[in-house]
file target.pdb (PDB, C-alpha atoms)
ATOM      1  CA  MET F   1      28.607  22.870 150.169
ATOM      2  CA  HIS F   2      31.740  22.409 148.084
ATOM      3  CA  ARG F   3      30.563  24.858 145.435
ATOM      4  CA  ILE F   4      29.816  27.486 148.100
ATOM      5  CA  THR F   5      33.240  27.189 149.757
ATOM      6  CA  GLU F   6      35.005  27.224 146.380
ATOM      7  CA  PHE F   7      33.137  30.374 145.374
ATOM      8  CA  PHE F   8      33.978  31.969 148.737
ATOM      9  CA  VAL F   9      37.706  31.159 148.397
ATOM     10  CA  GLY F  10      37.769  32.685 144.903
ATOM     11  CA  LEU F  11      36.071  35.791 146.263
ATOM     12  CA  LEU F  12      38.467  36.053 149.229
ATOM     13  CA  PHE F  13      41.456  35.588 146.941
ATOM     14  CA  GLY F  14      40.182  38.260 144.535
ATOM     15  CA  VAL F  15      39.590  40.736 147.375
ATOM     16  CA  GLY F  16      43.116  39.997 148.669
ATOM     17  CA  LEU F  17      44.549  40.760 145.226
ATOM     18  CA  LEU F  18      42.656  44.067 145.063
ATOM     19  CA  LEU F  19      43.725  45.167 148.567
ATOM     20  CA  SER F  20      47.351  44.124 148.041
ATOM     21  CA  GLY F  21      47.841  46.210 144.883
ATOM     22  CA  MET F  22      48.522  43.179 142.659
ATOM     23  CA  THR F  23      45.674  44.104 140.296
ATOM     24  CA  ASP F  24      47.394  47.408 139.453
ATOM     25  CA  PRO F  25      50.015  46.736 136.744
ATOM     26  CA  SER F  26      51.872  50.007 137.371
ATOM     27  CA  LYS F  27      52.399  48.901 140.978
ATOM     28  CA  VAL F  28      53.562  45.439 139.904
ATOM     29  CA  LEU F  29      56.026  46.966 137.432
ATOM     30  CA  GLY F  30      57.215  49.320 140.195
ATOM     31  CA  PHE F  31      58.132  46.214 142.185
ATOM     32  CA  LEU F  32      59.820  44.540 139.201
ATOM     33  CA  ASP F  33      61.829  47.730 138.489
ATOM     34  CA  LEU F  34      64.651  46.740 140.818
ATOM     35  CA  PHE F  35      67.130  49.092 139.144
ATOM     36  CA  GLY F  36      64.846  52.141 139.017
ATOM     37  CA  THR F  37      62.752  53.592 141.845
ATOM     38  CA  TRP F  38      61.749  50.355 143.514
ATOM     39  CA  ASP F  39      58.385  49.848 145.255
ATOM     40  CA  PRO F  40      58.914  46.952 147.716
ATOM     41  CA  SER F  41      55.169  46.529 148.472
ATOM     42  CA  LEU F  42      54.791  43.224 146.643
ATOM     43  CA  ALA F  43      57.480  41.600 148.760
ATOM     44  CA  LEU F  44      55.106  42.156 151.692
ATOM     45  CA  VAL F  45      52.253  40.574 149.721
ATOM     46  CA  MET F  46      54.333  37.437 149.209
ATOM     47  CA  GLY F  47      55.623  37.516 152.799
ATOM     48  CA  GLY F  48      52.138  37.852 154.304
ATOM     49  CA  ALA F  49      50.683  35.135 152.086
ATOM     50  CA  ILE F  50      53.511  32.665 152.711
ATOM     51  CA  ALA F  51      53.487  33.246 156.499
ATOM     52  CA  VAL F  52      49.853  32.083 156.618
ATOM     53  CA  GLY F  53      50.261  29.439 153.902
ATOM     54  CA  PHE F  54      53.258  27.863 155.644
ATOM     55  CA  VAL F  55      51.173  27.021 158.721
ATOM     56  CA  ALA F  56      48.242  25.760 156.620
ATOM     57  CA  PHE F  57      50.351  23.438 154.463
ATOM     58  CA  ALA F  58      52.162  22.091 157.537
ATOM     59  CA  VAL F  59      48.724  21.054 158.865
ATOM     60  CA  ALA F  60      47.589  19.848 155.406
ATOM     61  CA  ARG F  61      50.595  17.523 155.021
ATOM     62  CA  LYS F  62      49.502  15.560 158.098
ATOM     63  CA  ARG F  63      45.912  15.096 156.918
ATOM     64  CA  THR F  64      44.546  12.368 154.675
ATOM     65  CA  THR F  65      41.206  14.091 154.002
ATOM     66  CA  SER F  66      40.045  17.696 153.755
ATOM     67  CA  PHE F  67      37.763  19.239 156.402
ATOM     68  CA  LEU F  68      34.844  18.496 154.068
ATOM     69  CA  GLY F  69      35.933  14.860 153.861
ATOM     70  CA  GLY F  70      37.308  14.949 150.307
ATOM     71  CA  ALA F  71      40.704  13.909 148.982
ATOM     72  CA  MET F  72      43.814  16.058 149.530
ATOM     73  CA  HIS F  73      45.038  17.059 146.070
ATOM     74  CA  LEU F  74      48.630  17.894 146.978
ATOM     75  CA  PRO F  75      51.115  18.186 144.091
ATOM     76  CA  LYS F  76      53.206  15.085 143.496
ATOM     77  CA  ALA F  77      55.627  16.454 140.894
ATOM     78  CA  SER F  78      59.080  17.263 142.222
ATOM     79  CA  GLN F  79      61.257  17.195 139.102
ATOM     80  CA  ILE F  80      63.219  20.298 138.197
ATOM     81  CA  ASP F  81      63.562  20.191 134.432
ATOM     82  CA  LYS F  82      63.791  22.285 131.297
ATOM     83  CA  ARG F  83      59.999  22.617 131.010
ATOM     84  CA  LEU F  84      59.702  24.084 134.495
ATOM     85  CA  LEU F  85      62.555  26.528 133.912
ATOM     86  CA  MET F  86      61.550  27.586 130.385
ATOM     87  CA  GLY F  87      57.908  27.909 131.436
ATOM     88  CA  GLY F  88      58.893  30.111 134.378
ATOM     89  CA  LEU F  89      61.104  32.300 132.187
ATOM     90  CA  LEU F  90      58.387  32.753 129.522
ATOM     91  CA  PHE F  91      55.790  33.572 132.171
ATOM     92  CA  GLY F  92      58.120  36.061 133.879
ATOM     93  CA  ALA F  93      58.858  37.785 130.571
ATOM     94  CA  GLY F  94      55.123  38.238 129.937
ATOM     95  CA  TRP F  95      54.546  39.380 133.526
ATOM     96  CA  GLY F  96      57.287  42.011 133.167
ATOM     97  CA  LEU F  97      55.880  43.238 129.838
ATOM     98  CA  ALA F  98      52.361  44.121 130.996
ATOM     99  CA  GLY F  99      52.443  43.808 134.798
ATOM    100  CA  PHE F 100      49.678  41.182 134.879
ATOM    101  CA  CYS F 101      49.904  37.620 136.154
ATOM    102  CA  PRO F 102      46.867  35.297 135.751
ATOM    103  CA  GLY F 103      44.842  36.056 138.919
ATOM    104  CA  PRO F 104      45.116  39.854 138.839
ATOM    105  CA  GLY F 105      44.382  39.813 135.089
ATOM    106  CA  ILE F 106      41.082  38.002 135.720
ATOM    107  CA  VAL F 107      40.112  40.302 138.621
ATOM    108  CA  ALA F 108      40.999  43.490 136.686
ATOM    109  CA  MET F 109      38.901  42.169 133.798
ATOM    110  CA  ALA F 110      35.966  41.740 136.196
ATOM    111  CA  ALA F 111      36.535  45.339 137.319
ATOM    112  CA  GLY F 112      35.736  46.366 133.735
ATOM    113  CA  GLU F 113      39.213  47.009 132.316
ATOM    114  CA  ILE F 114      39.228  46.395 128.541
ATOM    115  CA  LYS F 115      42.995  45.865 128.428
ATOM    116  CA  ALA F 116      42.730  43.260 131.187
ATOM    117  CA  ALA F 117      40.046  41.445 129.165
ATOM    118  CA  VAL F 118      42.374  41.451 126.134
ATOM    119  CA  PHE F 119      45.166  40.117 128.366
ATOM    120  CA  VAL F 120      42.958  37.283 129.667
ATOM    121  CA  ALA F 121      41.813  36.400 126.123
ATOM    122  CA  ALA F 122      45.441  36.241 124.907
ATOM    123  CA  MET F 123      46.374  34.192 127.994
ATOM    124  CA  VAL F 124      43.614  31.667 127.249
ATOM    125  CA  VAL F 125      44.884  31.444 123.646
ATOM    126  CA  GLY F 126      48.412  30.822 125.006
ATOM    127  CA  MET F 127      47.043  28.041 127.226
ATOM    128  CA  LEU F 128      45.169  26.510 124.267
ATOM    129  CA  ILE F 129      48.355  26.585 122.155
ATOM    130  CA  PHE F 130      50.017  24.627 124.975
ATOM    131  CA  GLU F 131      47.162  22.071 125.013
ATOM    132  CA  ILE F 132      47.314  21.591 121.237
ATOM    133  CA  ALA F 133      51.112  21.332 121.249
ATOM    134  CA  GLU F 134      50.948  18.722 124.006
ATOM    135  CA  ARG F 135      48.354  16.639 122.164
ATOM    136  CA  THR F 136      50.126  16.664 118.808
ATOM    137  CA  GLY F 137      53.373  15.916 120.660
ATOM    138  CA  VAL F 138      51.790  12.901 122.367
ATOM    139  CA  ARG F 139      50.331  11.664 119.065
ATOM    140  CA  GLN F 140      53.719  11.940 117.365
ATOM    141  CA  ARG F 141      55.440  10.068 120.186
ATOM    142  CA  VAL F 142      52.766   7.335 120.127
ATOM    143  CA  GLY F 143      52.907   7.172 116.321
ATOM    144  CA  THR F 144      56.663   6.623 116.113
TER     145      THR F 144
ATOM    146  CA  MET A   1      68.459  51.034 143.928
ATOM    147  CA  VAL A   2      66.210  53.849 145.125
ATOM    148  CA  ILE A   3      63.190  52.969 147.256
ATOM    149  CA  ASP A   4      59.915  54.390 145.934
ATOM    150  CA  TRP A   5      58.514  55.589 149.301
ATOM    151  CA  VAL A   6      55.686  57.552 147.626
ATOM    152  CA  ASN A   7      54.019  54.437 146.193
ATOM    153  CA  PHE A   8      55.023  52.062 149.009
ATOM    154  CA  THR A   9      51.854  50.642 150.648
ATOM    155  CA  PRO A  10      53.166  48.368 153.408
ATOM    156  CA  TRP A  11      49.928  47.875 155.374
ATOM    157  CA  ALA A  12      47.556  47.391 152.460
ATOM    158  CA  SER A  13      49.993  45.018 150.761
ATOM    159  CA  LEU A  14      50.717  43.039 153.923
ATOM    160  CA  SER A  15      46.985  42.771 154.753
ATOM    161  CA  GLY A  16      46.182  41.809 151.165
ATOM    162  CA  GLY A  17      48.937  39.196 151.279
ATOM    163  CA  ILE A  18      47.503  37.755 154.500
ATOM    164  CA  LEU A  19      44.085  37.471 152.785
ATOM    165  CA  LEU A  20      45.753  35.604 149.889
ATOM    166  CA  GLY A  21      47.394  33.283 152.430
ATOM    167  CA  LEU A  22      44.055  32.749 154.204
ATOM    168  CA  ALA A  23      42.382  31.905 150.890
ATOM    169  CA  ALA A  24      45.151  29.397 150.058
ATOM    170  CA  ALA A  25      44.921  27.962 153.610
ATOM    171  CA  PHE A  26      41.144  27.610 153.412
ATOM    172  CA  PHE A  27      41.318  25.975 149.974
ATOM    173  CA  ILE A  28      43.848  23.287 150.911
ATOM    174  CA  LEU A  29      42.331  22.524 154.331
ATOM    175  CA  VAL A  30      38.602  22.733 153.545
ATOM    176  CA  ASN A  31      38.540  21.685 149.888
ATOM    177  CA  GLY A  32      41.843  19.814 149.635
ATOM    178  CA  ARG A  33      42.899  21.902 146.634
ATOM    179  CA  VAL A  34      46.030  23.894 145.854
ATOM    180  CA  LEU A  35      45.150  27.481 144.975
ATOM    181  CA  GLY A  36      46.883  28.065 141.646
ATOM    182  CA  ILE A  37      45.087  30.296 139.164
ATOM    183  CA  SER A  38      46.798  29.168 135.964
ATOM    184  CA  GLY A  39      46.126  25.517 136.838
ATOM    185  CA  ILE A  40      42.503  26.154 137.820
ATOM    186  CA  LEU A  41      41.839  28.019 134.549
ATOM    187  CA  GLY A  42      44.007  25.756 132.365
ATOM    188  CA  GLY A  43      42.123  22.680 133.639
ATOM    189  CA  LEU A  44      39.000  24.057 131.927
ATOM    190  CA  LEU A  45      40.668  24.030 128.490
ATOM    191  CA  PRO A  46      38.841  21.840 127.678
ATOM    192  CA  PRO A  47      36.550  21.102 130.668
ATOM    193  CA  LYS A  48      36.533  17.473 131.838
ATOM    194  CA  ALA A  49      33.449  15.741 133.280
ATOM    195  CA  GLY A  50      33.401  15.838 137.089
ATOM    196  CA  ASP A  51      36.379  18.199 137.270
ATOM    197  CA  ALA A  52      34.875  21.479 136.046
ATOM    198  CA  GLY A  53      32.410  22.531 138.780
ATOM    199  CA  TRP A  54      34.947  23.467 141.436
ATOM    200  CA  ARG A  55      37.028  25.418 138.923
ATOM    201  CA  ILE A  56      34.008  27.389 137.688
ATOM    202  CA  ALA A  57      32.765  28.103 141.244
ATOM    203  CA  PHE A  58      36.205  29.434 142.214
ATOM    204  CA  LEU A  59      36.540  31.614 139.106
ATOM    205  CA  LEU A  60      33.026  33.038 139.577
ATOM    206  CA  GLY A  61      34.079  34.011 143.111
ATOM    207  CA  MET A  62      37.081  35.847 141.660
ATOM    208  CA  LEU A  63      34.878  37.643 139.151
ATOM    209  CA  ALA A  64      32.623  38.813 142.014
ATOM    210  CA  ALA A  65      35.592  40.300 143.892
ATOM    211  CA  PRO A  66      35.722  43.846 142.419
ATOM    212  CA  LEU A  67      32.054  44.492 143.169
ATOM    213  CA  THR A  68      32.377  43.084 146.706
ATOM    214  CA  TYR A  69      35.578  45.013 147.347
ATOM    215  CA  GLY A  70      33.972  48.214 146.088
ATOM    216  CA  LEU A  71      31.176  47.809 148.641
ATOM    217  CA  LEU A  72      33.466  46.887 151.569
ATOM    218  CA  ALA A  73      36.594  48.992 151.121
ATOM    219  CA  PRO A  74      36.970  52.600 152.290
ATOM    220  CA  ALA A  75      37.013  55.034 149.345
ATOM    221  CA  GLY A  76      40.773  55.667 149.389
ATOM    222  CA  PHE A  77      41.553  51.956 149.014
ATOM    223  CA  VAL A  78      39.798  51.498 145.692
ATOM    224  CA  GLN A  79      42.471  52.064 143.050
ATOM    225  CA  ALA A  80      41.588  51.513 139.401
ATOM    226  CA  PRO A  81      44.295  49.487 137.587
ATOM    227  CA  ARG A  82      46.794  51.719 135.752
ATOM    228  CA  ILE A  83      47.738  49.879 132.567
ATOM    229  CA  ASP A  84      50.464  51.639 130.569
ATOM    230  CA  ALA A  85      51.144  48.874 128.035
ATOM    231  CA  ASP A  86      49.565  49.267 124.584
ATOM    232  CA  PHE A  87      47.234  46.617 123.136
ATOM    233  CA  ALA A  88      49.938  44.878 121.072
ATOM    234  CA  THR A  89      52.149  44.526 124.158
ATOM    235  CA  ILE A  90      49.185  43.259 126.182
ATOM    236  CA  VAL A  91      48.499  40.535 123.604
ATOM    237  CA  VAL A  92      52.152  39.384 123.531
ATOM    238  CA  ALA A  93      52.243  39.444 127.339
ATOM    239  CA  GLY A  94      49.038  37.396 127.590
ATOM    240  CA  LEU A  95      50.328  34.765 125.148
ATOM    241  CA  LEU A  96      53.623  34.467 127.069
ATOM    242  CA  VAL A  97      51.848  34.221 130.426
ATOM    243  CA  GLY A  98      49.404  31.589 129.124
ATOM    244  CA  LEU A  99      52.091  29.432 127.497
ATOM    245  CA  GLY A 100      54.670  29.898 130.245
ATOM    246  CA  THR A 101      52.391  29.140 133.187
ATOM    247  CA  ARG A 102      51.169  25.900 131.567
ATOM    248  CA  TYR A 103      54.672  24.711 130.579
ATOM    249  CA  GLY A 104      55.984  25.653 134.020
ATOM    250  CA  SER A 105      52.896  24.144 135.767
ATOM    251  CA  GLY A 106      52.089  27.250 137.776
ATOM    252  CA  CYS A 107      52.135  30.981 138.325
ATOM    253  CA  THR A 108      52.519  33.480 141.155
ATOM    254  CA  SER A 109      49.803  31.776 143.242
ATOM    255  CA  GLY A 110      50.543  28.069 142.669
ATOM    256  CA  HIS A 111      54.343  28.215 142.744
ATOM    257  CA  GLY A 112      54.909  31.577 144.438
ATOM    258  CA  VAL A 113      52.437  31.386 147.331
ATOM    259  CA  CYS A 114      51.465  27.707 147.729
ATOM    260  CA  GLY A 115      54.713  26.136 146.513
ATOM    261  CA  LEU A 116      56.958  28.300 148.673
ATOM    262  CA  SER A 117      54.602  27.724 151.636
ATOM    263  CA  ARG A 118      55.097  23.980 151.106
ATOM    264  CA  LEU A 119      58.896  24.522 150.906
ATOM    265  CA  SER A 120      58.870  22.821 147.481
ATOM    266  CA  PRO A 121      62.295  23.065 145.744
ATOM    267  CA  ARG A 122      60.517  22.733 142.373
ATOM    268  CA  SER A 123      58.351  25.764 143.113
ATOM    269  CA  LEU A 124      61.354  27.722 144.398
ATOM    270  CA  VAL A 125      63.124  27.181 141.073
ATOM    271  CA  ALA A 126      59.990  28.199 139.130
ATOM    272  CA  THR A 127      59.528  31.305 141.307
ATOM    273  CA  LEU A 128      63.172  32.355 140.892
ATOM    274  CA  ALA A 129      62.802  31.838 137.122
ATOM    275  CA  PHE A 130      59.678  34.000 136.707
ATOM    276  CA  MET A 131      60.814  36.661 139.173
ATOM    277  CA  GLY A 132      64.222  36.815 137.481
ATOM    278  CA  ALA A 133      62.658  37.067 134.028
ATOM    279  CA  GLY A 134      60.242  39.741 135.292
ATOM    280  CA  PHE A 135      63.074  41.857 136.749
ATOM    281  CA  ALA A 136      65.091  41.388 133.533
ATOM    282  CA  MET A 137      62.171  42.326 131.260
ATOM    283  CA  VAL A 138      61.408  45.534 133.178
ATOM    284  CA  PHE A 139      65.115  46.413 133.220
ATOM    285  CA  VAL A 140      65.328  45.998 129.445
ATOM    286  CA  VAL A 141      62.083  47.888 128.728
ATOM    287  CA  ARG A 142      62.686  50.800 131.133
ATOM    288  CA  HIS A 143      66.453  51.213 131.178
ATOM    289  CA  ILE A 144      67.820  49.873 127.881
ATOM    290  CA  LEU A 145      65.209  50.341 125.134
TER     291      LEU A 145
END

call {"tool": "encode", "arguments": {"input": "target.pdb", "output": "structure tokens"}}
result
Amino acid sequence: MHRITEFFVGLLFGVGLLLSGMTDPSKVLGFLDLFGTWDPSLALVMGGAIAVGFVAFAVARKRTTSFLGGAMHLPKASQIDKRLLMGGLLFGAGWGLAGFCPGPGIVAMAAGEIKAAVFVAAMVVGMLIFEIAERTGVRQRVGT
Amino acid sequence: MVIDWVNFTPWASLSGGILLGLAAAFFILVNGRVLGISGILGGLLPPKAGDAGWRIAFLLGMLAAPLTYGLLAPAGFVQAPRIDADFATIVVAGLLVGLGTRYGSGCTSGHGVCGLSRLSPRSLVATLAFMGAGFAMVFVVRHIL
């Protein structure tokens, strides 16, 4: 049951990305081009998503289990630190370069776009570099 | 600022956004999970026992989306991605997005949609950071270089 609902949510999310225009980098860059001819469409994507999400998370906060009876994995981190800020800035720089963020990159790859596949491969390498850096960092801290 | 009315797609974008919100709502309420793509994918590098199945099921659903959308959507709504960046730029962008989303613990979905829906100050800061950097990068590439 869990696997079916998880697959369905991924499918729904992917279809939402396709309909919204997020999987089209030229549209994303049109939104990020605030000082050129600006396409405000993506503000409506965020607005529509948050309007629904706001209600759902208000309900979720009051629950101790999910509808399927599992645990509620709500984020516990609340610190605002250099990692959060630097990570956000690096991600935004990459997003502004190509017009892809992670979800739309994966969906555009599934649509058969070679460049999207290259983007996803490079993104996975970036994530692996993070994992390796974290591990060696931990080892150094433990070692000293 | 000049509004690009030609490419403005208010109804498709609003409807698509509502679908993204419904997916996030369904995921937290039914499965008890926060819908954040970079976290879902990053958690598979490497996969951990007992924590990989839900991630893989979700990602397979995403991969099935273009085919499903192609069957459901009216012809005019199927727009192939227009990717202007060259391969070298794509690689740099991918590396930055991969590194940045893991250091910042989230991307457009986790911080931007779910975090802002939860009214999380941490996610607001992350969202302002990546939106700001995105605006700045496009400004530099299109209007300075």

call {"tool": "atom_distance", "arguments": {"input": "target.pdb", "atom1": "CA of Leu72 (chain A)", "atom2": "CA of Gly17 (chain A)"}}
result
17.3 Å

call {"tool": "resolve_selection", "arguments": {"input": "target.pdb", "expression": "the PyMOL selection byres ((chain A and resi 114-124) around 9)", "output": "short mmCIF file (atom, residue, chain, number, x, y, z; two decimals) with C-alpha atoms, in the coordinates of the input"}}
result
data_model
loop_
_atom_site.label_atom_id
_atom_site.label_comp_id
_atom_site.auth_asym_id
_atom_site.auth_seq_id
_atom_site.Cartn_x
_atom_site.Cartn_y
_atom_site.Cartn_z
CA ALA F 49 50.68 35.14 152.09
CA ILE F 50 53.51 32.66 152.71
CA ALA F 51 53.49 33.25 156.50
CA VAL F 52 49.85 32.08 156.62
CA GLY F 53 50.26 29.44 153.90
CA PHE F 54 53.26 27.86 155.64
CA VAL F 55 51.17 27.02 158.72
CA ALA F 56 48.24 25.76 156.62
CA PHE F 57 50.35 23.44 154.46
CA ALA F 58 52.16 22.09 157.54
CA ARG F 61 50.60 17.52 155.02
CA ALA F 77 55.63 16.45 140.89
CA SER F 78 59.08 17.26 142.22
CA GLN F 79 61.26 17.20 139.10
CA ILE F 80 63.22 20.30 138.20
CA ASP F 81 63.56 20.19 134.43
CA LEU F 84 59.70 24.08 134.50
CA GLY A 21 47.39 33.28 152.43
CA ALA A 24 45.15 29.40 150.06
CA ALA A 25 44.92 27.96 153.61
CA VAL A 34 46.03 23.89 145.85
CA LEU A 35 45.15 27.48 144.98
CA GLY A 36 46.88 28.06 141.65
CA GLY A 106 52.09 27.25 137.78
CA THR A 108 52.52 33.48 141.16
CA SER A 109 49.80 31.78 143.24
CA GLY A 110 50.54 28.07 142.67
CA HIS A 111 54.34 28.22 142.74
CA GLY A 112 54.91 31.58 144.44
CA VAL A 113 52.44 31.39 147.33
CA VAL A 125 63.12 27.18 141.07
CA ALA A 126 59.99 28.20 139.13
CA THR A 127 59.53 31.30 141.31
CA LEU A 128 63.17 32.35 140.89
CA ALA A 129 62.80 31.84 137.12
#

call {"tool": "resolve_selection", "arguments": {"input": "target.pdb", "expression": "the PyMOL selection byres ((chain F and resi 120) around 10)", "output": "number ranges by chain"}}
result
F: 100-109, 114-119, 121-126; A: 90-91, 93-95, 97-98

call {"tool": "resolve_selection", "arguments": {"input": "target.pdb", "expression": "the PyMOL selection byres ((chain F and resi 87) around 7)", "output": "list in words"}}
result
Arg83, Leu84, Leu85, Met86, Gly88, Leu89, Leu90 and Phe91 of chain F; Gly100, Thr101, Tyr103 and Gly104 of chain A

call {"tool": "closest_residue", "arguments": {"input": "target.pdb", "among": "F:Pro75, F:Gly99, F:Phe67, F:Glu131", "to": "chain A", "atoms": "all atoms listed in the file"}}
result
F:Phe67

call {"tool": "residues_around", "arguments": {"input": "target.pdb", "residues": "Arg55 (chain A)", "least_positions_apart": "5", "cutoff": "8 Å", "atoms": "all atoms listed in the file", "output": "ChimeraX atom specification"}}
result
/F:6 /A:40-41,43-44

call {"tool": "decode", "arguments": {"input": "target.pdb", "residues": "region 7-62 of chain F", "atoms": "C-alpha atoms", "output": "mmCIF file, in the first residue's frame"}}
result
data_model
loop_
_atom_site.group_PDB
_atom_site.id
_atom_site.type_symbol
_atom_site.label_atom_id
_atom_site.label_comp_id
_atom_site.auth_asym_id
_atom_site.auth_seq_id
_atom_site.Cartn_x
_atom_site.Cartn_y
_atom_site.Cartn_z
ATOM 1 C CA PHE F 7 4.490 5.990 -6.617
ATOM 2 C CA PHE F 8 1.195 7.847 -7.119
ATOM 3 C CA VAL F 9 2.468 10.972 -5.307
ATOM 4 C CA GLY F 10 5.619 10.995 -7.455
ATOM 5 C CA LEU F 11 3.466 10.695 -10.561
ATOM 6 C CA LEU F 12 1.098 13.477 -9.439
ATOM 7 C CA PHE F 13 4.032 15.724 -8.589
ATOM 8 C CA GLY F 14 5.666 15.070 -11.974
ATOM 9 C CA VAL F 15 2.426 15.816 -13.842
ATOM 10 C CA GLY F 16 2.070 19.038 -11.806
ATOM 11 C CA LEU F 17 5.589 20.078 -12.817
ATOM 12 C CA LEU F 18 4.830 19.424 -16.497
ATOM 13 C CA LEU F 19 1.523 21.346 -16.440
ATOM 14 C CA SER F 20 2.988 24.268 -14.483
ATOM 15 C CA GLY F 21 5.825 24.930 -16.949
ATOM 16 C CA MET F 22 8.575 24.175 -14.406
ATOM 17 C CA THR F 23 10.084 21.475 -16.638
ATOM 18 C CA ASP F 24 10.778 24.059 -19.363
ATOM 19 C CA PRO F 25 14.069 25.828 -18.524
ATOM 20 C CA SER F 26 13.382 28.762 -20.860
ATOM 21 C CA LYS F 27 10.190 29.449 -18.899
ATOM 22 C CA VAL F 28 12.003 29.176 -15.563
ATOM 23 C CA LEU F 29 14.699 31.586 -16.761
ATOM 24 C CA GLY F 30 11.944 33.930 -17.990
ATOM 25 C CA PHE F 31 10.697 34.038 -14.401
ATOM 26 C CA LEU F 32 14.198 34.558 -12.976
ATOM 27 C CA ASP F 33 14.847 37.391 -15.478
ATOM 28 C CA LEU F 34 13.375 40.041 -13.201
ATOM 29 C CA PHE F 35 15.182 42.873 -14.990
ATOM 30 C CA GLY F 36 14.339 41.774 -18.541
ATOM 31 C CA THR F 37 10.934 40.777 -19.917
ATOM 32 C CA TRP F 38 9.591 39.011 -16.859
ATOM 33 C CA ASP F 39 7.248 35.998 -17.038
ATOM 34 C CA PRO F 40 5.430 35.895 -13.661
ATOM 35 C CA SER F 41 3.938 32.401 -14.245
ATOM 36 C CA LEU F 42 6.114 30.634 -11.685
ATOM 37 C CA ALA F 43 4.913 32.910 -8.905
ATOM 38 C CA LEU F 44 1.479 31.366 -9.514
ATOM 39 C CA VAL F 45 2.987 27.870 -9.336
ATOM 40 C CA MET F 46 4.413 28.647 -5.902
ATOM 41 C CA GLY F 47 1.226 30.441 -4.813
ATOM 42 C CA GLY F 48 -1.045 27.565 -5.861
ATOM 43 C CA ALA F 49 1.181 24.939 -4.258
ATOM 44 C CA ILE F 50 1.575 26.818 -0.971
ATOM 45 C CA ALA F 51 -2.168 27.596 -0.705
ATOM 46 C CA VAL F 52 -2.910 23.852 -0.704
ATOM 47 C CA GLY F 53 0.195 22.897 1.291
ATOM 48 C CA PHE F 54 -0.583 25.415 4.039
ATOM 49 C CA VAL F 55 -3.882 23.686 4.847
ATOM 50 C CA ALA F 56 -2.315 20.207 4.674
ATOM 51 C CA PHE F 57 0.579 21.026 7.008
ATOM 52 C CA ALA F 58 -1.780 22.736 9.469
ATOM 53 C CA VAL F 59 -3.662 19.408 9.671
ATOM 54 C CA ALA F 60 -0.398 17.395 9.702
ATOM 55 C CA ARG F 61 0.986 19.328 12.691
ATOM 56 C CA LYS F 62 -1.924 18.136 14.842
#
